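One structure is given here, and the rest of the page talks about it.
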Amino acid sequence: MSKLDRLELAETRKIRIFITGVVIVYMLLSVICAAVSNGASTDTALTFKIILLLISALGTVVAGVIMIKRFYNILFTGDGLVKFAYPVENNAHLNTNLRCGLMWIFSILTIIIAGLWMSDVITQDRVEDFGAGNLFGDLRESFQSNYLSNPDLKAVIAVIILVIALIVVTVNFYMSFIFTLTMAGRICGKYNILQKNGVIFIAGIVMYYIHMIVVAAMSWIENAYSEYWMYQGGYNLFERDWIFVEEIDRPLANILVYGVTAFIMYRISKTILDKKLDI
């Protein structure tokens, strides 16, 4: 497994270094723009900062697309004839792609968040920052202003839960694309369908609507929960701590729903690769 990971990293080394380097440069320029905008009479530097941030975020998308395309190559091109001949189980290629792809994506996200934090420190103006460097401070102030007990501890817990939720949602979205390709490969192999891109497109549409249904259901549940529980019974149960509960309830729901569905998609993909895949 370690050799397979090293092979994957070696084959993507140049493109990873290039895209990650571009993101680092853009985020450094974003920090410079933040410093220039500090006390400036116009918003030009701030506008450039936002543009650079959007381009950097696009680097995360590009990284994900590249790694998903590599998994596509294994299932639908001649690469599969070679890689499925390796002396490992088929699911090893799935695991390697998930590890290397998510590692790259989270590395870029870490660079972006670090750049935003540096921008926040430099500007020292919460009206213009993006909250990356002041998330803990903002939560602590909110909890202190509502006279919560142990506001520092509750702010730390809320930040940790928010970070975990971000990680879980990112993993779920990446796994959704891998799952879609795996299901399309299974359908094409079982029914001898040559128009694989059409099957992938239809499977992608189905997955998109499934995601929309899940999001809509979560929003409906959250609205009903907020109206009935938090504003009618929440204060009676938690007293002032209901502010803290309200801050973490949605991230906790995301961790539960997206975490469970990501695990289910992973297990189905693993089973298809090991037992039901027809190359």
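We label chains A, B, ... in the order they appear in the structure tokens, count residues from 1 in each chain, and number ligands from 1 in the order shown.
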
Exercise. Would you list the contacts of Tyr86 in chain A as a VMD selection string, taking every protein, DNA or RNA residue within 12 Å and counting only C-alpha atoms, but skipping same-chain residues closer than 4 positions in sequence?
Key: chain A and resid 1 3 to 4 7 79 to 82 90 to 93

Self-check item: Expected answer as a ChimeraX atom specification: alpha helix (DSSP H) residues in range 73-217 of chain A
Solution: /A:73-76,79-83,91-123,135-145,151-191,196-217

Exercise. Considering only C-alpha atoms, return as a PyMOL selection string whatever protein or nucleic-acid residues lie within 9 Å of Val31 in chain A, sequence-local ones (same chain, fewer than 5 positions apart) excluded.
Key: chain A and resi 26+36+49+115-116+118-120+122

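Residue nearest Ala253 in chain A, chosen from A:Leu166, A:Met103, A:Ile113, A:Leu139 and counting only C-alpha atoms: A:Leu166.
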
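We find CA of Glu247 in chain A and CA of Phe143 in chain A to be spaced 10.1 Å apart.
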
Quiz item: For Tyr72 in chain A, which residue among A:Met183, A:Ile178, A:Val169, A:Val159 is the nearest when counting only C-alpha atoms?
Solution: A:Ile178

Who sits within 12 Å of Val62 in chain A, only C-alpha atoms, same chain under 3 positions skipped, as a PDB file with N, CA and C atoms, in the first residue's frame:
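The new file around_16.pdb reads:
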ATOM      1  N   ILE A  15       2.489  18.178 -11.341  1.00  0.00           N
ATOM      2  CA  ILE A  15       1.271  18.983 -11.358  1.00  0.00           C
ATOM      3  C   ILE A  15       0.899  19.426  -9.953  1.00  0.00           C
ATOM      4  N   ARG A  16       1.165  18.597  -8.946  1.00  0.00           N
ATOM      5  CA  ARG A  16       0.878  18.995  -7.566  1.00  0.00           C
ATOM      6  C   ARG A  16       1.748  20.169  -7.140  1.00  0.00           C
ATOM      7  N   PHE A  18       3.175  22.352  -9.073  1.00  0.00           N
ATOM      8  CA  PHE A  18       2.815  23.549  -9.842  1.00  0.00           C
ATOM      9  C   PHE A  18       1.561  24.212  -9.277  1.00  0.00           C
ATOM     10  N   ILE A  19       0.480  23.445  -9.124  1.00  0.00           N
ATOM     11  CA  ILE A  19      -0.785  24.036  -8.665  1.00  0.00           C
ATOM     12  C   ILE A  19      -0.665  24.536  -7.229  1.00  0.00           C
ATOM     13  N   THR A  20      -0.030  23.745  -6.370  1.00  0.00           N
ATOM     14  CA  THR A  20       0.141  24.186  -4.985  1.00  0.00           C
ATOM     15  C   THR A  20       0.997  25.437  -4.923  1.00  0.00           C
ATOM     16  N   VAL A  22       1.256  27.737  -7.251  1.00  0.00           N
ATOM     17  CA  VAL A  22       0.439  28.854  -7.732  1.00  0.00           C
ATOM     18  C   VAL A  22      -0.474  29.363  -6.622  1.00  0.00           C
ATOM     19  N   VAL A  23      -1.087  28.445  -5.883  1.00  0.00           N
ATOM     20  CA  VAL A  23      -1.971  28.847  -4.788  1.00  0.00           C
ATOM     21  C   VAL A  23      -1.196  29.605  -3.712  1.00  0.00           C
ATOM     22  N   ILE A  55      -9.444  32.715  -7.154  1.00  0.00           N
ATOM     23  CA  ILE A  55      -8.540  31.924  -7.989  1.00  0.00           C
ATOM     24  C   ILE A  55      -7.884  30.816  -7.169  1.00  0.00           C
ATOM     25  N   SER A  56      -7.495  31.139  -5.950  1.00  0.00           N
ATOM     26  CA  SER A  56      -6.890  30.132  -5.077  1.00  0.00           C
ATOM     27  C   SER A  56      -7.888  29.023  -4.764  1.00  0.00           C
ATOM     28  N   ALA A  57      -9.130  29.396  -4.505  1.00  0.00           N
ATOM     29  CA  ALA A  57     -10.159  28.383  -4.256  1.00  0.00           C
ATOM     30  C   ALA A  57     -10.362  27.499  -5.479  1.00  0.00           C
ATOM     31  N   LEU A  58     -10.211  28.094  -6.662  1.00  0.00           N
ATOM     32  CA  LEU A  58     -10.320  27.310  -7.887  1.00  0.00           C
ATOM     33  C   LEU A  58      -9.221  26.253  -7.956  1.00  0.00           C
ATOM     34  N   GLY A  59      -8.064  26.540  -7.346  1.00  0.00           N
ATOM     35  CA  GLY A  59      -6.993  25.552  -7.302  1.00  0.00           C
ATOM     36  C   GLY A  59      -7.413  24.290  -6.576  1.00  0.00           C
ATOM     37  N   VAL A  65     -10.445  17.705  -9.432  1.00  0.00           N
ATOM     38  CA  VAL A  65     -10.753  17.218 -10.780  1.00  0.00           C
ATOM     39  C   VAL A  65      -9.628  16.332 -11.303  1.00  0.00           C
ATOM     40  N   ILE A  66      -8.389  16.730 -11.070  1.00  0.00           N
ATOM     41  CA  ILE A  66      -7.252  15.938 -11.544  1.00  0.00           C
ATOM     42  C   ILE A  66      -7.245  14.549 -10.912  1.00  0.00           C
ATOM     43  N   MET A  67      -7.469  14.485  -9.610  1.00  0.00           N
ATOM     44  CA  MET A  67      -7.434  13.188  -8.929  1.00  0.00           C
ATOM     45  C   MET A  67      -8.649  12.335  -9.299  1.00  0.00           C
ATOM     46  N   ILE A  68      -9.797  12.953  -9.502  1.00  0.00           N
ATOM     47  CA  ILE A  68     -10.978  12.204  -9.941  1.00  0.00           C
ATOM     48  C   ILE A  68     -10.760  11.668 -11.354  1.00  0.00           C
ATOM     49  N   LYS A  69     -10.112  12.480 -12.195  1.00  0.00           N
ATOM     50  CA  LYS A  69      -9.797  12.026 -13.560  1.00  0.00           C
ATOM     51  C   LYS A  69      -8.849  10.836 -13.531  1.00  0.00           C
ATOM     52  N   GLY A 101      -5.642  12.120  -3.021  1.00  0.00           N
ATOM     53  CA  GLY A 101      -6.472  13.220  -3.472  1.00  0.00           C
ATOM     54  C   GLY A 101      -6.898  14.131  -2.337  1.00  0.00           C
ATOM     55  N   TRP A 104      -4.017  16.208  -0.869  1.00  0.00           N
ATOM     56  CA  TRP A 104      -3.696  17.365  -1.707  1.00  0.00           C
ATOM     57  C   TRP A 104      -4.738  18.463  -1.524  1.00  0.00           C
ATOM     58  N   ILE A 105      -6.012  18.088  -1.539  1.00  0.00           N
ATOM     59  CA  ILE A 105      -7.089  19.074  -1.383  1.00  0.00           C
ATOM     60  C   ILE A 105      -6.990  19.787  -0.042  1.00  0.00           C
ATOM     61  N   ILE A 108      -4.134  22.342   0.123  1.00  0.00           N
ATOM     62  CA  ILE A 108      -4.463  23.627  -0.500  1.00  0.00           C
ATOM     63  C   ILE A 108      -5.418  24.422   0.386  1.00  0.00           C
TER      64      ILE A 108
END
